[in-house]
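Trainee: One structure coming up, written as structure tokens, with questions to follow.
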Amino acid sequence: MTLWSGRVGAELAPEVWEFLKADDAELLPYDVQGTLLHAERLHAAGILDDAELAEVRETLAGLDTVDPAAEDVHSFIEAELGEVGRKIHAGRSRNDQVAVAFRLYVADACADADAALAAFARTILERAAEDAETPMPGYTHLQRAQPVTLGHHLLAWSEMLERDRVRFAFAAAQAAPSPLGAGALAGSTLPLPPPQQAMRNSLDAVADRDFALDYLYAAAVLFTHLSRIAEELVLWTTAEFGFARLPEDAATGSSMMPQKLNPDVAELARGKAGTAIGRLTGLLATIKGLPLAYDRDLQEDKPPVFAARRDVTGALGALRVLVSGLEFDRDRLAHAASDPLLLATDAAEALVREGVPFRDAHEQVAASVRAGTFEPPEPGQRLPDVGAAVAAAQERWS
Ligand code: ARG
């Protein structure tokens with residue numbers, strides 16, 4: 001039986017029912033939480049008595065799996081509540097109900113992302129502390145450019161993740177306001193108390209999915225970062241670079257070639273960046289042009305967010321294991337950084353300190369490089385204190 005069987009006599013055709021069903025079982029704990037908040041409002045308004053509220057609490061606490069035959073998690077919960085379920089929908093609609101549950105879900109997914117980001121960043125920083133002073137070449141255009149240290153390079157990774165953290169916190173803040181009370185689109189005549197952080201406009205409350213876009217954007221940018229980190233891991237662990245060796249608990253072998261150790265974790269993280277970007281553009285396209293307030297198109301908002309949550313924690317967790325077990329080849333890194341030509345810019349700057357205009361200094365040094373007579377200058381201090389920078393970053397992630 002449908003929630004609207006009083007209005008529509010005929011049973012839905014099975015094909016229609018199957019098509020309309022929502023893939024939303026993951027919302028269950030959040031819809032339970034939202035339903036409880038609503039039950040408390042009904043109780044405050046005298047629509048549910050003490051015993052009914054207690055019964056709602058007890059039934060909700062016992063729900064852990066959604067019946068796959070249900071149209072969606074909302075109708076499932078109402079049916080499970082039995083007789084008191086016939087009262088629970090007073091003053092609400094599935095339109096505000098789903099928005100409430102989905103906001104709670106997104107806030108939780110942001111908290112997950114934050115924890116996984118912090119664990120990964122701390123691992124990166126431990127490695128950066130060990131190798132704060134280990135020389136390695138820095139690159140532009142993937143050509144050796146100037147010497148840096150491994151610690152300095154790893155700190156660049158944690159900087160990206162720090163900005164990701166801010167983006168997930170922003171998405172969580174966007175998800176915080178409550179659509180409870182918006183009803184289908186225009187509120188209710190019942191004297192229900194407003195929820196905490198009630199949204200100001202009932203049409204916006206049921207139509208808005210910006211918080212989901214913000215989450216998917218945060219995930220897409222995170223994956224863009226992870227794909228860059230992953231690409232460096234792929235390069236560094238090739239025989240050609242030879243900067244690091246993959247740990248065996250985060251590398252795969254080949255089904256045919258017995259000697260192989262493959263960076264599948266890094267590759268899959270890099271590949272999932274494409275999927276993450278697709279989820280964001282997909283939901284943007286779904287929402288584009290939808291008239292206010294609710295439209296069933298919005299049911300398409302949840303699967304990409306559910307999948308993004310799994311990928312965010314999955315990729316961060318696996319990459320953390322990979323990075324924590326990487327064996328850096330310090331000799332090879334130092335050797336790669338020891339080419340005197342990497343100090344050509346320093347040589348030009350030494351001339352600048354003597355008063356030579358930079359363009360002239362650049363030409364003079366370039367001429368000596370071409371003639372094979374380049375002499376590297378005394379090493380100067382180019383980078384900030386990497387050990388101190390690592391300690392400061394560790395403090396921010398603590
Ligand atoms: N399953 C729906 C969704 O995810 C719930 C809301 C349905 N509302 C409606 N008026 N049909 O959006």
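Just so we're on the same page: first chain in the structure tokens is A, next is B, and so on; residues restart at 1 for each chain, and ligands are numbered from 1 in the order they show up.
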List all protein, DNA and RNA residues that have an atom no more than 7 Å from any atom of ligand 1, counting only C-alpha atoms and all ligand atoms, and report them as an MDAnalysis selection string.
Mentor: chainID A and resid 22 72 94:95 98 294 296 298:299
Trainee: If we count only C-alpha atoms and set the cut-off at 10 Å, which residues sit around A:Asp339, ignoring sequence neighbours fewer than 3 positions away in its own chain? Please answer as a list in words.
Mentor: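 Those residues are Pro137, Arg144, Gln146, Pro147, Ala334, His335, Ala336, Leu342, Leu343 and Pro376 of chain A.
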Trainee: Given only C-alpha atoms as the basis, pick out the residue of A:Leu268, A:Leu216, A:Ala13, A:Leu222 nearest to A:Leu280.
Mentor: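 Nearest candidate to A:Leu280 out of A:Leu268, A:Leu216, A:Ala13, A:Leu222: A:Leu216.
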Trainee: Counting only C-alpha atoms, figure out which residue out of A:Gly274, A:Gly187, A:Pro195, A:Pro135 gets nearest to A:His225.
Mentor: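 Smallest distance to A:His225 is found for A:Gly274.
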Trainee: Sorted by chain and rising residue number, which residues of stretch 188-289 of chain A lie within 10 Å of stretch 46-49 of chain A, and what are their closest atom pairs and distances in Å to one decimal, counting only C-alpha atoms, as a tab-separated table?
Mentor:
residue	atom	partner	partner_atom	distance
A:Leu190	CA	A:Ile47	CA	9.2
A:Pro191	CA	A:Gly46	CA	9.3
A:Leu192	CA	A:Gly46	CA	9.2
